Amino acid sequence: MALSTDTFEGGCTCRHVRYRLTSRPMFVHCCHCRWCQRETGSAFVLNAMIEADRVEPLSGEVDVVDTPSNSGRGQKISRCPKCHVAVWSNYAGAGPAIRFVRVGTLDEPDRLPPDIHIFTESKQPWVVLPSGVPAMPEYYDPRQMWPKASQDRFTAVRAARKS
């Protein structure tokens with residue numbers, strides 16, 4: 001059976017943890033903050049924001065590691081218990097209902113380029129940002145940057161969380 005073009009499979013390096021995104025994400029962040037640089041050991045992280053119920057486990061379980069964050073509210077990083085690759089995070093502000101899936105763990109990461117570059121005030125000076133993609137020195141107002149369909153999805157998650 002062929003997968004829909006709106007599904008994406010991924011997993012960790014050792015393939016113990018495998019998952020499928022059952023739709024396109026709401027939005028893809030390329031974060032250049034120092035915290036993300038430190039946590040990834042890279043110049044930035046690429047996170048696809050998606051509802052947790054749209055991340056379908058295919059195999060393996062994750063270890064959830066409580067990790068400090070710049071906000072002081074922390075984040076929970078889900079890692080493979082064998083190879084320790086981070087596959088997604090949950091931030092306190094969005095809660096457990098939204099996952100920030102590491103795009104680099106997808107089998108075809110090139111299918112989800114960033115919708116926005118954030119915290120560019122701390123980006124590495126040798127990183128050249130592409131033209132045509134919004135770039136913000138810090139964070140931004142999603143109501144101004146997200147497509148309406150993504151805003152509606154996020155609103156539905158928050159409403160379900162309150163009920």
# chains A, B, ... in the order shown; residues from 1 in each chain; ligands from 1
>>> residues_around(residues="range 147-154 of chain A", least_positions_apart="5", cutoff="9 Å", atoms="only C-alpha atoms", output="MDAnalysis selection string")
chainID A and resid 25:27 50:51 98 142 159
>>> select_by_dssp(residues="range 2-163 of chain A", states="alpha helix (DSSP H)", output="JSON, numbers by chain")
{"A": [34, 35, 36, 37, 38, 39, 40, 142, 143, 144, 145, 148, 149, 150, 151, 152, 153, 154, 155, 156, 157, 158, 159, 160, 161, 162]}
>>> closest_atom_pairs(of="range 14-91 of chain A", to="range 5-9 of chain A", cutoff="6 Å", atoms="only C-alpha atoms", output="tab-separated table")
residue	atom	partner	partner_atom	distance
A:Tyr19	CA	A:Glu9	CA	5.7
A:Arg20	CA	A:Glu9	CA	4.3
A:Leu21	CA	A:Phe8	CA	5.0
A:Thr22	CA	A:Thr7	CA	4.8
A:Ser23	CA	A:Asp6	CA	4.9
A:Arg24	CA	A:Asp6	CA	5.4
>>> residues_around(residues="Pro130 in chain A", least_positions_apart="4", cutoff="12 Å", atoms="only C-alpha atoms", output="list in words")
Cys30, Pro113, Pro114, Asp115, Ile116, His117, Pro134 and Ala135 of chain A
>>> residues_around(residues="Val101 in chain A", least_positions_apart="6", cutoff="9 Å", atoms="only C-alpha atoms", output="PyMOL selection string")
chain A and resi 46-50+55+86-90
>>> atom_distance(atom1="CA of Asp141 in chain A", atom2="CA of Asp66 in chain A")
26.3 Å
>>> residues_around(residues="Arg73 in chain A", least_positions_apart="6", cutoff="10 Å", atoms="only C-alpha atoms", output="PyMOL selection string")
chain A and resi 67+91-93
>>> write_last_selection(atoms="all heavy atoms", output="PDB file, in the first residue's frame")
ATOM      1  N   THR A  67      14.725  18.115  30.503  1.00  0.00           N
ATOM      2  CA  THR A  67      15.882  18.931  30.153  1.00  0.00           C
ATOM      3  C   THR A  67      15.551  20.395  30.405  1.00  0.00           C
ATOM      4  O   THR A  67      14.441  20.832  30.090  1.00  0.00           O
ATOM      5  CB  THR A  67      16.214  18.736  28.653  1.00  0.00           C
ATOM      6  OG1 THR A  67      16.343  17.339  28.393  1.00  0.00           O
ATOM      7  CG2 THR A  67      17.490  19.428  28.268  1.00  0.00           C
ATOM      8  N   TYR A  91       7.607  20.813  24.746  1.00  0.00           N
ATOM      9  CA  TYR A  91       7.947  21.982  25.552  1.00  0.00           C
ATOM     10  C   TYR A  91       6.808  22.285  26.512  1.00  0.00           C
ATOM     11  O   TYR A  91       5.635  22.047  26.191  1.00  0.00           O
ATOM     12  CB  TYR A  91       8.204  23.188  24.644  1.00  0.00           C
ATOM     13  CG  TYR A  91       9.489  23.063  23.868  1.00  0.00           C
ATOM     14  CD1 TYR A  91       9.506  22.439  22.624  1.00  0.00           C
ATOM     15  CD2 TYR A  91      10.687  23.547  24.375  1.00  0.00           C
ATOM     16  CE1 TYR A  91      10.680  22.306  21.899  1.00  0.00           C
ATOM     17  CE2 TYR A  91      11.867  23.425  23.660  1.00  0.00           C
ATOM     18  CZ  TYR A  91      11.854  22.800  22.426  1.00  0.00           C
ATOM     19  OH  TYR A  91      13.026  22.675  21.716  1.00  0.00           O
ATOM     20  N   ALA A  92       7.132  22.836  27.650  1.00  0.00           N
ATOM     21  CA  ALA A  92       6.124  23.129  28.677  1.00  0.00           C
ATOM     22  C   ALA A  92       5.006  24.012  28.138  1.00  0.00           C
ATOM     23  O   ALA A  92       3.837  23.789  28.434  1.00  0.00           O
ATOM     24  CB  ALA A  92       6.791  23.775  29.890  1.00  0.00           C
ATOM     25  N   GLY A  93       5.340  25.005  27.327  1.00  0.00           N
ATOM     26  CA  GLY A  93       4.325  25.926  26.828  1.00  0.00           C
ATOM     27  C   GLY A  93       3.273  25.254  25.962  1.00  0.00           C
ATOM     28  O   GLY A  93       2.096  25.576  26.032  1.00  0.00           O
TER      29      GLY A  93
END
>>> closest_residue(among="A:Leu58, A:Leu106, A:Val128, A:Ile118", to="Gly10 in chain A", atoms="only C-alpha atoms")
A:Leu106
>>> select_by_dssp(residues="range 10-131 of chain A", states="strand (DSSP E or B)", output="number ranges by chain")
A: 10-11, 18-21, 27-31, 45-51, 55-59, 63-67, 75-79, 86-91, 98-102, 106, 116-118
>>> residues_around(residues="Thr40 in chain A", least_positions_apart="5", cutoff="10 Å", atoms="only C-alpha atoms", output="number ranges by chain")
A: 34-35, 45, 85-86
>>> write_last_selection(atoms="N, CA and C atoms", output="PDB file, in the first residue's frame")
ATOM      1  N   ARG A  34      21.049  29.477  21.187  1.00  0.00           N
ATOM      2  CA  ARG A  34      22.216  28.811  21.785  1.00  0.00           C
ATOM      3  C   ARG A  34      21.826  27.511  22.489  1.00  0.00           C
ATOM      4  N   TRP A  35      20.630  27.459  23.053  1.00  0.00           N
ATOM      5  CA  TRP A  35      20.182  26.229  23.722  1.00  0.00           C
ATOM      6  C   TRP A  35      20.083  25.097  22.715  1.00  0.00           C
ATOM      7  N   VAL A  45      18.551  23.627  15.035  1.00  0.00           N
ATOM      8  CA  VAL A  45      17.715  22.426  15.013  1.00  0.00           C
ATOM      9  C   VAL A  45      16.508  22.717  14.134  1.00  0.00           C
ATOM     10  N   VAL A  85      19.460   8.922  20.275  1.00  0.00           N
ATOM     11  CA  VAL A  85      19.111  10.001  19.354  1.00  0.00           C
ATOM     12  C   VAL A  85      17.785  10.612  19.802  1.00  0.00           C
ATOM     13  N   ALA A  86      17.726  11.946  19.809  1.00  0.00           N
ATOM     14  CA  ALA A  86      16.485  12.667  20.124  1.00  0.00           C
ATOM     15  C   ALA A  86      15.583  12.621  18.905  1.00  0.00           C
TER      16      ALA A  86
END
>>> decode(residues="range 10-21 of chain A", atoms="N, CA and C atoms", output="CSV table (one decimal), in the first residue's frame")
chain,number,residue,atom,x,y,z
A,10,GLY,N,10.0,8.1,10.0
A,10,GLY,CA,11.3,8.4,10.6
A,10,GLY,C,11.7,7.6,11.7
A,11,GLY,N,12.8,7.8,12.3
A,11,GLY,CA,13.2,7.1,13.5
A,11,GLY,C,14.7,7.4,13.9
A,12,CYS,N,15.2,6.7,14.8
A,12,CYS,CA,16.5,6.9,15.3
A,12,CYS,C,17.6,6.3,14.4
A,13,THR,N,18.8,6.4,14.8
A,13,THR,CA,19.9,5.9,14.0
A,13,THR,C,19.9,4.4,14.0
A,14,CYS,N,19.7,3.7,15.1
A,14,CYS,CA,19.7,2.3,15.2
A,14,CYS,C,18.4,1.6,14.7
A,15,ARG,N,17.4,2.4,14.4
A,15,ARG,CA,16.1,1.9,13.9
A,15,ARG,C,15.3,1.2,15.0
A,16,HIS,N,15.7,1.3,16.2
A,16,HIS,CA,14.8,0.7,17.3
A,16,HIS,C,13.5,1.5,17.4
A,17,VAL,N,13.6,2.9,17.4
A,17,VAL,CA,12.4,3.7,17.4
A,17,VAL,C,12.1,4.1,16.0
A,18,ARG,N,10.8,3.8,15.6
A,18,ARG,CA,10.3,4.2,14.3
A,18,ARG,C,9.0,4.8,14.5
A,19,TYR,N,8.6,5.8,13.7
A,19,TYR,CA,7.4,6.5,13.8
A,19,TYR,C,6.9,7.0,12.5
A,20,ARG,N,5.6,7.4,12.4
A,20,ARG,CA,5.1,8.0,11.2
A,20,ARG,C,4.3,9.2,11.6
A,21,LEU,N,4.5,10.3,10.9
A,21,LEU,CA,3.7,11.5,11.0
A,21,LEU,C,2.5,11.2,10.0
